[in-house]
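K.L.:
Hey, dropping input.cif in here, mmCIF, C-alpha atoms (C1' of nucleotides):
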```
data_model
#
loop_
_atom_site.group_PDB
_atom_site.id
_atom_site.type_symbol
_atom_site.label_atom_id
_atom_site.label_comp_id
_atom_site.auth_asym_id
_atom_site.auth_seq_id
_atom_site.Cartn_x
_atom_site.Cartn_y
_atom_site.Cartn_z
ATOM 1 C CA MET T 16 87.229 188.118 135.915
ATOM 2 C CA SER T 17 85.304 185.043 134.993
ATOM 3 C CA ARG T 18 88.560 183.211 134.617
ATOM 4 C CA ALA T 19 88.404 179.449 135.072
ATOM 5 C CA ASP T 20 87.243 179.234 138.649
ATOM 6 C CA ALA T 21 87.007 175.476 138.357
ATOM 7 C CA THR T 22 83.308 175.540 139.138
ATOM 8 C CA ALA T 23 81.391 175.270 135.916
ATOM 9 C CA ASP T 24 77.674 175.945 136.191
ATOM 10 C CA GLY T 25 74.887 173.678 135.056
ATOM 11 C CA ASP T 26 74.708 174.593 131.413
ATOM 12 C CA GLU T 27 78.431 174.429 130.964
ATOM 13 C CA ILE T 28 78.582 171.027 132.578
ATOM 14 C CA THR T 29 75.789 169.758 130.368
ATOM 15 C CA LEU T 30 77.625 170.986 127.309
ATOM 16 C CA LEU T 31 80.890 169.500 128.466
ATOM 17 C CA ALA T 32 79.328 166.177 129.309
ATOM 18 C CA GLU T 33 77.626 166.022 125.949
ATOM 19 C CA THR T 34 80.943 166.535 124.206
ATOM 20 C CA PHE T 35 82.634 163.900 126.305
ATOM 21 C CA ARG T 36 79.777 161.519 125.717
ATOM 22 C CA LEU T 37 80.237 161.733 121.984
ATOM 23 C CA LEU T 38 83.919 160.964 122.413
ATOM 24 C CA GLY T 39 82.982 158.004 124.560
ATOM 25 C CA ASP T 40 81.848 155.805 121.702
ATOM 26 C CA PRO T 41 84.553 153.651 120.075
ATOM 27 C CA THR T 42 83.129 154.069 116.591
ATOM 28 C CA ARG T 43 82.959 157.838 116.859
ATOM 29 C CA LEU T 44 86.402 157.944 118.387
ATOM 30 C CA ARG T 45 87.759 155.941 115.472
ATOM 31 C CA ILE T 46 86.064 158.294 113.067
ATOM 32 C CA LEU T 47 87.630 161.316 114.703
ATOM 33 C CA ILE T 48 91.041 159.704 114.881
ATOM 34 C CA ALA T 49 90.754 158.785 111.223
ATOM 35 C CA CYS T 50 90.129 162.447 110.491
ATOM 36 C CA LEU T 51 93.317 163.380 112.312
ATOM 37 C CA GLY T 52 95.158 162.532 109.114
ATOM 38 C CA GLY T 53 93.239 165.114 107.157
ATOM 39 C CA PRO T 54 89.859 165.444 105.417
ATOM 40 C CA MET T 55 88.248 162.188 104.392
ATOM 41 C CA ALA T 56 85.172 161.156 102.457
ATOM 42 C CA VAL T 57 82.434 159.280 104.256
ATOM 43 C CA GLY T 58 83.045 156.065 102.369
ATOM 44 C CA ALA T 59 86.747 156.206 103.078
ATOM 45 C CA ILE T 60 86.084 156.762 106.763
ATOM 46 C CA ALA T 61 83.688 153.848 106.832
ATOM 47 C CA GLU T 62 86.298 151.587 105.313
ATOM 48 C CA ALA T 63 89.014 152.923 107.594
ATOM 49 C CA VAL T 64 87.089 152.331 110.795
ATOM 50 C CA GLY T 65 85.462 149.115 109.619
ATOM 51 C CA ALA T 66 81.866 150.249 109.890
ATOM 52 C CA SER T 67 78.949 150.538 107.527
ATOM 53 C CA GLN T 68 78.634 153.764 105.655
ATOM 54 C CA THR T 69 75.186 154.339 107.065
ATOM 55 C CA LEU T 70 76.495 154.073 110.582
ATOM 56 C CA VAL T 71 79.313 156.485 109.883
ATOM 57 C CA SER T 72 76.882 158.940 108.386
ATOM 58 C CA HIS T 73 74.742 158.814 111.497
ATOM 59 C CA HIS T 74 77.681 159.435 113.744
ATOM 60 C CA LEU T 75 78.989 162.215 111.558
ATOM 61 C CA ARG T 76 75.722 164.001 111.958
ATOM 62 C CA LEU T 77 76.133 163.949 115.738
ATOM 63 C CA LEU T 78 79.754 164.996 115.552
ATOM 64 C CA ARG T 79 78.749 167.807 113.236
ATOM 65 C CA ALA T 80 76.052 168.983 115.627
ATOM 66 C CA ALA T 81 78.647 169.144 118.389
ATOM 67 C CA ARG T 82 80.995 171.054 116.090
ATOM 68 C CA LEU T 83 83.637 168.397 116.410
ATOM 69 C CA VAL T 84 83.851 167.840 112.681
ATOM 70 C CA ARG T 85 82.982 169.846 109.628
ATOM 71 C CA GLY T 86 81.900 168.534 106.244
ATOM 72 C CA GLU T 87 82.698 170.105 102.920
ATOM 73 C CA LYS T 88 81.132 168.976 99.737
ATOM 74 C CA GLN T 89 83.637 168.323 96.991
ATOM 75 C CA ALA T 90 82.402 166.943 93.705
ATOM 76 C CA ARG T 91 80.539 163.742 94.519
ATOM 77 C CA HIS T 92 82.215 163.319 97.867
ATOM 78 C CA VAL T 93 81.766 165.032 101.192
ATOM 79 C CA LEU T 94 85.057 165.511 102.935
ATOM 80 C CA TYR T 95 84.968 165.586 106.701
ATOM 81 C CA ALA T 96 87.633 167.124 108.888
ATOM 82 C CA LEU T 97 88.054 168.048 112.529
ATOM 83 C CA THR T 98 86.546 171.459 113.175
ATOM 84 C CA ASP T 99 89.611 173.155 114.570
ATOM 85 C CA ALA T 100 93.076 172.605 115.939
ATOM 86 C CA HIS T 101 91.637 172.564 119.429
ATOM 87 C CA VAL T 102 89.910 169.277 118.817
ATOM 88 C CA SER T 103 92.805 167.575 117.113
ATOM 89 C CA GLN T 104 95.192 168.839 119.748
ATOM 90 C CA MET T 105 93.082 167.471 122.544
ATOM 91 C CA LEU T 106 92.699 164.135 120.791
ATOM 92 C CA ARG T 107 96.437 163.745 120.448
ATOM 93 C CA ASP T 108 96.880 164.727 124.082
ATOM 94 C CA MET T 109 94.441 162.125 125.263
ATOM 95 C CA ILE T 110 96.021 159.441 123.115
ATOM 96 C CA ASP T 111 99.390 160.209 124.632
ATOM 97 C CA HIS T 112 97.876 160.345 128.078
ATOM 98 C CA ALA T 113 96.254 156.964 127.619
ATOM 99 C CA ARG T 114 99.527 155.494 126.457
ATOM 100 C CA GLU T 115 101.548 156.465 129.486
ATOM 101 C CA ASP T 116 98.627 155.512 131.641
ATOM 102 C CA ASP T 117 98.937 152.079 130.153
ATOM 103 C CA HIS T 118 102.364 151.656 131.682
ATOM 104 C CA GLU T 119 100.840 151.095 135.115
ATOM 105 C CA PRO T 120 102.529 153.531 137.532
ATOM 106 C CA ALA T 121 103.366 150.529 139.722
ATOM 107 C CA ALA T 122 100.646 151.306 142.253
ATOM 108 C CA PRO T 123 102.436 153.957 144.294
ATOM 109 C CA MET T 124 99.714 153.887 146.915
ATOM 110 C CA PRO T 125 98.129 150.743 148.313
ATOM 111 C CA GLN T 126 94.439 151.498 148.633
ATOM 112 C CA PRO T 127 93.489 152.260 152.256
ATOM 113 C CA GLU T 128 91.888 148.938 152.985
ATOM 114 C CA GLY T 129 89.132 146.973 151.409
ATOM 115 C CA MET T 130 88.921 149.553 148.645
ATOM 116 C CA THR T 131 90.423 147.562 145.845
ATOM 117 C CA ARG T 132 87.554 145.175 145.961
ATOM 118 C CA MET N 107 109.533 154.378 117.228
ATOM 119 C CA SER N 108 106.116 153.997 118.652
ATOM 120 C CA ARG N 109 105.845 157.760 118.592
ATOM 121 C CA ALA N 110 102.316 159.124 118.540
ATOM 122 C CA ASP N 111 101.390 158.234 114.987
ATOM 123 C CA ALA N 112 97.824 159.387 115.537
ATOM 124 C CA THR N 113 96.511 155.939 114.741
ATOM 125 C CA ALA N 114 95.700 154.266 118.006
ATOM 126 C CA ASP N 115 95.044 150.540 117.791
ATOM 127 C CA GLY N 116 91.950 148.729 118.978
ATOM 128 C CA ASP N 117 92.806 148.283 122.623
ATOM 129 C CA GLU N 118 93.963 151.833 123.011
ATOM 130 C CA ILE N 119 90.805 153.144 121.453
ATOM 131 C CA THR N 120 88.679 151.006 123.707
ATOM 132 C CA LEU N 121 90.521 152.338 126.733
ATOM 133 C CA LEU N 122 90.262 155.892 125.521
ATOM 134 C CA ALA N 123 86.591 155.598 124.753
ATOM 135 C CA GLU N 124 85.903 154.111 128.148
ATOM 136 C CA THR N 125 87.597 157.056 129.817
ATOM 137 C CA PHE N 126 85.676 159.541 127.710
ATOM 138 C CA ARG N 127 82.462 157.709 128.373
ATOM 139 C CA LEU N 128 82.893 158.117 132.107
ATOM 140 C CA LEU N 129 83.461 161.827 131.616
ATOM 141 C CA GLY N 130 80.320 161.961 129.524
ATOM 142 C CA ASP N 131 77.913 161.741 132.429
ATOM 143 C CA PRO N 132 76.873 165.033 134.050
ATOM 144 C CA THR N 133 76.823 163.599 137.558
ATOM 145 C CA ARG N 134 80.283 162.097 137.233
ATOM 146 C CA LEU N 135 81.584 165.269 135.661
ATOM 147 C CA ARG N 136 80.242 167.274 138.587
ATOM 148 C CA ILE N 137 81.886 164.883 140.989
ATOM 149 C CA LEU N 138 85.231 165.286 139.281
ATOM 150 C CA ILE N 139 84.910 169.038 139.084
ATOM 151 C CA ALA N 140 84.024 169.128 142.757
ATOM 152 C CA CYS N 141 87.248 167.265 143.440
ATOM 153 C CA LEU N 142 89.185 169.926 141.567
ATOM 154 C CA GLY N 143 89.104 171.977 144.747
ATOM 155 C CA GLY N 144 90.884 169.296 146.714
ATOM 156 C CA PRO N 145 90.051 166.020 148.483
ATOM 157 C CA MET N 146 86.455 165.644 149.589
ATOM 158 C CA ALA N 147 84.462 163.129 151.570
ATOM 159 C CA VAL N 148 81.714 161.205 149.842
ATOM 160 C CA GLY N 149 78.953 162.901 151.790
ATOM 161 C CA ALA N 150 80.352 166.325 151.029
ATOM 162 C CA ILE N 151 80.571 165.496 147.335
ATOM 163 C CA ALA N 152 77.019 164.269 147.341
ATOM 164 C CA GLU N 153 75.836 167.510 148.843
ATOM 165 C CA ALA N 154 77.999 169.574 146.511
ATOM 166 C CA VAL N 155 76.711 167.963 143.355
ATOM 167 C CA GLY N 156 73.161 167.573 144.586
ATOM 168 C CA ALA N 157 72.942 163.825 144.340
ATOM 169 C CA SER N 158 72.247 161.011 146.752
ATOM 170 C CA GLN N 159 75.206 159.618 148.585
ATOM 171 C CA THR N 160 74.515 156.173 147.232
ATOM 172 C CA LEU N 161 74.638 157.444 143.697
ATOM 173 C CA VAL N 162 77.899 159.243 144.286
ATOM 174 C CA SER N 163 79.378 156.110 145.787
ATOM 175 C CA HIS N 164 78.435 154.125 142.710
ATOM 176 C CA HIS N 165 80.012 156.648 140.408
ATOM 177 C CA LEU N 166 83.106 156.902 142.536
ATOM 178 C CA ARG N 167 83.614 153.213 142.157
ATOM 179 C CA LEU N 168 83.637 153.571 138.381
ATOM 180 C CA LEU N 169 85.897 156.603 138.493
ATOM 181 C CA ARG N 170 88.235 154.699 140.778
ATOM 182 C CA ALA N 171 88.337 151.740 138.422
ATOM 183 C CA ALA N 172 89.349 154.094 135.628
ATOM 184 C CA ARG N 173 91.984 155.637 137.859
ATOM 185 C CA LEU N 174 90.431 159.049 137.526
ATOM 186 C CA VAL N 175 90.052 159.490 141.273
ATOM 187 C CA ARG N 176 91.690 158.002 144.297
ATOM 188 C CA GLY N 177 90.149 157.465 147.721
ATOM 189 C CA GLU N 178 91.975 157.671 150.994
ATOM 190 C CA LYS N 179 90.420 156.640 154.247
ATOM 191 C CA GLN N 180 90.786 159.266 156.926
ATOM 192 C CA ALA N 181 89.130 158.669 160.259
ATOM 193 C CA ARG N 182 85.455 158.077 159.563
ATOM 194 C CA HIS N 183 85.549 159.684 156.165
ATOM 195 C CA VAL N 184 86.931 158.610 152.816
ATOM 196 C CA LEU N 185 88.492 161.516 151.017
ATOM 197 C CA TYR N 186 88.453 161.373 147.250
ATOM 198 C CA ALA N 187 90.771 163.325 145.005
ATOM 199 C CA LEU N 188 91.708 163.357 141.342
ATOM 200 C CA THR N 189 94.359 160.750 140.659
ATOM 201 C CA ASP N 190 97.007 163.027 139.211
ATOM 202 C CA ALA N 191 97.676 166.455 137.808
ATOM 203 C CA HIS N 192 97.055 165.072 134.330
ATOM 204 C CA VAL N 193 93.394 164.596 135.016
ATOM 205 C CA SER N 194 92.858 167.942 136.703
ATOM 206 C CA GLN N 195 94.805 169.696 133.973
ATOM 207 C CA MET N 196 92.734 168.157 131.254
ATOM 208 C CA LEU N 197 89.508 168.982 133.068
ATOM 209 C CA ARG N 198 90.463 172.616 133.349
ATOM 210 C CA ASP N 199 91.457 172.669 129.683
ATOM 211 C CA MET N 200 88.149 171.270 128.583
ATOM 212 C CA ILE N 201 86.221 173.704 130.745
ATOM 213 C CA ASP N 202 88.067 176.583 129.135
ATOM 214 C CA HIS N 203 87.590 175.066 125.723
ATOM 215 C CA ALA N 204 83.872 174.719 126.265
ATOM 216 C CA ARG N 205 83.643 178.319 127.377
ATOM 217 C CA GLU N 206 85.182 179.833 124.296
ATOM 218 C CA ASP N 207 83.254 177.395 122.197
ATOM 219 C CA ASP N 208 80.153 178.857 123.730
ATOM 220 C CA HIS N 209 80.846 182.211 122.143
ATOM 221 C CA GLU N 210 79.657 180.955 118.780
ATOM 222 C CA PRO N 211 82.418 181.734 116.233
ATOM 223 C CA ALA N 212 79.814 183.499 114.097
ATOM 224 C CA ALA N 213 79.701 180.722 111.500
ATOM 225 C CA PRO N 214 82.906 181.512 109.601
ATOM 226 C CA MET N 215 82.049 178.973 106.937
ATOM 227 C CA PRO N 216 78.620 178.569 105.360
ATOM 228 C CA GLN N 217 78.087 174.841 105.140
ATOM 229 C CA PRO N 218 78.509 173.583 101.561
ATOM 230 C CA GLU N 219 74.834 173.280 100.802
ATOM 231 C CA GLY N 220 71.995 171.465 102.401
ATOM 232 C CA MET N 221 74.299 170.337 105.177
ATOM 233 C CA THR N 222 73.017 172.558 107.913
ATOM 234 C CA ARG N 223 69.754 170.703 107.902
ATOM 235 C "C1'" DA L 159 75.942 147.390 174.184
ATOM 236 C "C1'" DA L 160 73.224 149.970 171.507
ATOM 237 C "C1'" DA L 161 72.480 153.573 168.392
ATOM 238 C "C1'" DA L 162 74.182 156.617 164.937
ATOM 239 C "C1'" DT L 163 77.111 157.948 161.195
ATOM 240 C "C1'" DG L 164 79.655 157.219 156.824
ATOM 241 C "C1'" DC L 165 80.191 154.460 153.096
ATOM 242 C "C1'" DG L 166 79.862 150.366 149.930
ATOM 243 C "C1'" DT L 167 77.079 146.722 147.425
ATOM 244 C "C1'" DG L 168 73.494 144.168 144.997
ATOM 245 C "C1'" DA L 169 69.141 143.888 142.628
ATOM 246 C "C1'" DA L 170 65.801 145.933 139.671
ATOM 247 C "C1'" DC L 171 63.858 149.225 136.680
ATOM 248 C "C1'" DA L 172 63.273 152.883 133.103
ATOM 249 C "C1'" DC L 173 65.346 155.136 129.668
ATOM 250 C "C1'" DG L 174 68.623 156.528 126.341
ATOM 251 C "C1'" DT L 175 71.275 155.226 122.501
ATOM 252 C "C1'" DG L 176 74.149 152.624 119.093
ATOM 253 C "C1'" DT L 177 73.214 149.842 115.298
ATOM 254 C "C1'" DT L 178 70.843 147.926 111.272
ATOM 255 C "C1'" DC L 179 67.444 147.860 107.552
ATOM 256 C "C1'" DA L 180 65.106 150.103 104.187
ATOM 257 C "C1'" DT L 181 64.444 154.053 101.562
ATOM 258 C "C1'" DG L 182 65.258 158.727 99.557
ATOM 259 C "C1'" DT L 183 68.029 162.309 97.103
ATOM 260 C "C1'" DA L 184 71.821 164.271 94.379
ATOM 261 C "C1'" DT L 185 75.623 163.754 91.265
ATOM 262 C "C1'" DC L 186 78.288 161.479 87.694
ATOM 263 C "C1'" DG L 187 78.989 158.203 83.812
ATOM 264 C "C1'" DA L 188 77.268 155.379 79.666
ATOM 265 C "C1'" DT Z 113 67.311 158.184 80.040
ATOM 266 C "C1'" DC Z 114 69.026 154.613 82.766
ATOM 267 C "C1'" DG Z 115 72.019 152.998 86.012
ATOM 268 C "C1'" DA Z 116 75.551 153.502 89.534
ATOM 269 C "C1'" DT Z 117 77.837 155.849 93.136
ATOM 270 C "C1'" DA Z 118 78.005 158.670 97.430
ATOM 271 C "C1'" DC Z 119 75.721 160.195 101.140
ATOM 272 C "C1'" DA Z 120 71.652 161.328 104.236
ATOM 273 C "C1'" DT Z 121 67.451 160.037 106.705
ATOM 274 C "C1'" DG Z 122 63.706 157.689 109.263
ATOM 275 C "C1'" DA Z 123 61.906 153.819 111.725
ATOM 276 C "C1'" DA Z 124 62.626 150.057 114.746
ATOM 277 C "C1'" DC Z 125 65.074 147.099 117.709
ATOM 278 C "C1'" DA Z 126 68.332 145.360 121.330
ATOM 279 C "C1'" DC Z 127 71.212 146.498 124.669
ATOM 280 C "C1'" DG Z 128 73.762 149.072 127.926
ATOM 281 C "C1'" DT Z 129 73.562 152.092 131.719
ATOM 282 C "C1'" DG Z 130 72.236 155.709 135.169
ATOM 283 C "C1'" DT Z 131 69.405 155.848 139.038
ATOM 284 C "C1'" DT Z 132 66.869 154.337 143.092
ATOM 285 C "C1'" DC Z 133 65.735 151.211 146.856
ATOM 286 C "C1'" DA Z 134 67.010 148.285 150.356
ATOM 287 C "C1'" DC Z 135 70.464 146.344 152.867
ATOM 288 C "C1'" DG Z 136 75.141 145.227 154.945
ATOM 289 C "C1'" DC Z 137 79.542 146.429 157.109
ATOM 290 C "C1'" DA Z 138 82.833 149.419 159.937
ATOM 291 C "C1'" DT Z 139 83.664 152.852 162.989
ATOM 292 C "C1'" DT Z 140 82.427 156.083 166.383
ATOM 293 C "C1'" DT Z 141 79.673 157.976 170.147
ATOM 294 C "C1'" DT Z 142 76.781 157.736 174.272
#
```
Please re-express this file's structure in structure tokens.
P.N.:
Amino acid sequence: MSRADATADGDEITLLAETFRLLGDPTRLRILIACLGGPMAVGAIAEAVGASQTLVSHHLRLLRAARLVRGEKQARHVLYALTDAHVSQMLRDMIDHAREDDHEPAAPMPQPEGMTR
Amino acid sequence: MSRADATADGDEITLLAETFRLLGDPTRLRILIACLGGPMAVGAIAEAVGASQTLVSHHLRLLRAARLVRGEKQARHVLYALTDAHVSQMLRDMIDHAREDDHEPAAPMPQPEGMTR
DNA sequence: AAAATGCGTGAACACGTGTTCATGTATCGA
DNA sequence: TCGATACATGAACACGTGTTCACGCATTTT
């Protein structure tokens, strides 16, 4: 029925873009990648990504709102983890993708003309 | 050796974030999704996504620089298409992901306490 | 040649947004 | 109780960035 017809409507695109936008910040990306190793406390994340704890807290709020991470209070700490396997899976995929992309496919196609700028 | 250890270094993260950032703009996302159906001319894309041709051209330049799309000059038109199957595959995945995410998992886990804000 | 079409480029502006500073609120230890 | 730790929050600022406007360059058509 409504199977992926490749044409997402307005609301879907907005939602998608918002998710991508959050992933588009280096600090947030580092935070998420740090969480790939398992639940972490805010302070630990801050130290791991080399950012102030305040900053990490701010970003975590956004990531929480987008359901990319989930925080669980444990004793004095709040442990954050990726919401589901979907997120972590996609992160790993993109990391791999970026890595092979880094190998420069040896420009298999010389831009038409005057396109390379 | 350098197997995906989940911890991407600085440069990789910067590259990744940059890619995500480009995907994080609704207009660019629409452009890419429009290209999912096959190569399209700039004017056609502009009409499809409801944006000025100038704007689309600007975005296409960025998407080209990130190797997300590729332009091929054909007669008077320049046909743009997604660079490789990797990109299109990931786009489709994310669209699907966003769709099921939209179904609201019925809050399977009541936030610890005072986290929901 | 002249006009029209298709596309790219540069400058300029308005706005969003990432970051920091300062402060507030629980929770744990002495 | 007092202090310290761990985290969240609000205000304010600086900067990047998406968009538009105006223009330039090829190519095609008449």
K.L.:
How far is it from atom CA of N:Leu135 to atom CA of N:Ala123, in Å with one decimal?
P.N.:
15.4 Å
K.L.:
What's the 7 Å shell around stretch 147-158 of chain N, counting all atoms listed in the file, without same-chain residues fewer than 3 positions away, as a list in words?
P.N.:
Arg136, Ile137, Ala140, Leu161, Val162, Ser163, His183, Val184, Leu185 and Tyr186 of chain N
K.L.:
Near L:DT185, within 9 Å and counting all atoms listed in the file, which residues show up once chain neighbours fewer than 4 positions away are dropped, as a ChimeraX atom specification?
P.N.:
/T:90-91 /Z:117-118
K.L.:
Could I get the residues of chain L with an atom no further than 9 Å from an atom of chain N, each paired with its nearest atom pair and that distance in Å to one decimal, using only C-alpha atoms (C1' of nucleotides), sorted by chain and residue number, as a Markdown table?
P.N.:
```
| residue | atom | partner | partner_atom | distance |
| --- | --- | --- | --- | --- |
| L:DT163 | C1' | N:Arg182 | CA | 8.5 |
| L:DG164 | C1' | N:His183 | CA | 6.4 |
| L:DC165 | C1' | N:Ser163 | CA | 7.5 |
| L:DG166 | C1' | N:Ser163 | CA | 7.1 |
| L:DT167 | C1' | N:His164 | CA | 8.9 |
```
K.L.:
Give the residues of chain Z that lie within 12 Å of chain N; count all atoms listed in the file, and format the answer as a list of chain:residue names.
P.N.:
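Therefore, the residues near the partner are Z:DC119, Z:DA120, Z:DT121, Z:DT129, Z:DG130, Z:DT131, Z:DT132, Z:DC133, Z:DA134, Z:DA138, Z:DT139, Z:DT140.
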K.L.:
What does the distance between atom CA of T:Ala23 and atom CA of N:Ala204 come to in Å, to one decimal place?
P.N.:
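We find that atom CA of T:Ala23 and atom CA of N:Ala204 lie 10.0 Å from each other.
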K.L.:
Pull the closest atom pair for each residue of chain T that gets at most 7 Å from chain N, along with the distance in Å to one decimal, counting all atoms listed in the file, ordering rows by chain and then ascending residue number, as JSON lines.
P.N.:
```
{"residue": "T:Ala19", "atom": "CA", "partner": "N:Asp202", "partner_atom": "CA", "distance": 6.6}
{"residue": "T:Ala21", "atom": "CA", "partner": "N:Arg198", "partner_atom": "CA", "distance": 6.7}
{"residue": "T:Thr22", "atom": "CA", "partner": "N:Ile139", "partner_atom": "CA", "distance": 6.7}
{"residue": "T:Ile28", "atom": "CA", "partner": "N:Pro132", "partner_atom": "CA", "distance": 6.4}
{"residue": "T:Thr29", "atom": "CA", "partner": "N:Pro132", "partner_atom": "CA", "distance": 6.1}
{"residue": "T:Leu31", "atom": "CA", "partner": "N:Ala204", "partner_atom": "CA", "distance": 6.4}
{"residue": "T:Ala32", "atom": "CA", "partner": "N:Gly130", "partner_atom": "CA", "distance": 4.3}
{"residue": "T:Glu33", "atom": "CA", "partner": "N:Gly130", "partner_atom": "CA", "distance": 6.0}
{"residue": "T:Phe35", "atom": "CA", "partner": "N:Gly130", "partner_atom": "CA", "distance": 4.4}
{"residue": "T:Arg36", "atom": "CA", "partner": "N:Gly130", "partner_atom": "CA", "distance": 3.9}
{"residue": "T:Leu38", "atom": "CA", "partner": "N:Phe126", "partner_atom": "CA", "distance": 5.8}
{"residue": "T:Gly39", "atom": "CA", "partner": "N:Arg127", "partner_atom": "CA", "distance": 3.9}
{"residue": "T:Asp40", "atom": "CA", "partner": "N:Ala123", "partner_atom": "CA", "distance": 5.6}
{"residue": "T:Pro41", "atom": "CA", "partner": "N:Ala123", "partner_atom": "CA", "distance": 5.5}
{"residue": "T:Leu44", "atom": "CA", "partner": "N:Ala123", "partner_atom": "CA", "distance": 6.8}
{"residue": "T:Ile48", "atom": "CA", "partner": "N:Thr113", "partner_atom": "CA", "distance": 6.6}
{"residue": "T:Leu51", "atom": "CA", "partner": "N:Ala112", "partner_atom": "CA", "distance": 6.8}
{"residue": "T:Glu87", "atom": "CA", "partner": "N:Pro218", "partner_atom": "CA", "distance": 5.6}
{"residue": "T:Lys88", "atom": "CA", "partner": "N:Pro218", "partner_atom": "CA", "distance": 5.6}
{"residue": "T:Arg107", "atom": "CA", "partner": "N:Ala112", "partner_atom": "CA", "distance": 6.7}
{"residue": "T:Asp111", "atom": "CA", "partner": "N:Ala110", "partner_atom": "CA", "distance": 6.8}
{"residue": "T:Ala113", "atom": "CA", "partner": "N:Leu122", "partner_atom": "CA", "distance": 6.4}
{"residue": "T:Pro127", "atom": "CA", "partner": "N:Lys179", "partner_atom": "CA", "distance": 5.7}
```
K.L.:
For atom C1' of Z:DA116 and atom C1' of L:DT181, determine how far apart the two atoms are, in Å to one decimal place.
P.N.:
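Rounded to one decimal, the two atoms are 16.4 Å apart.
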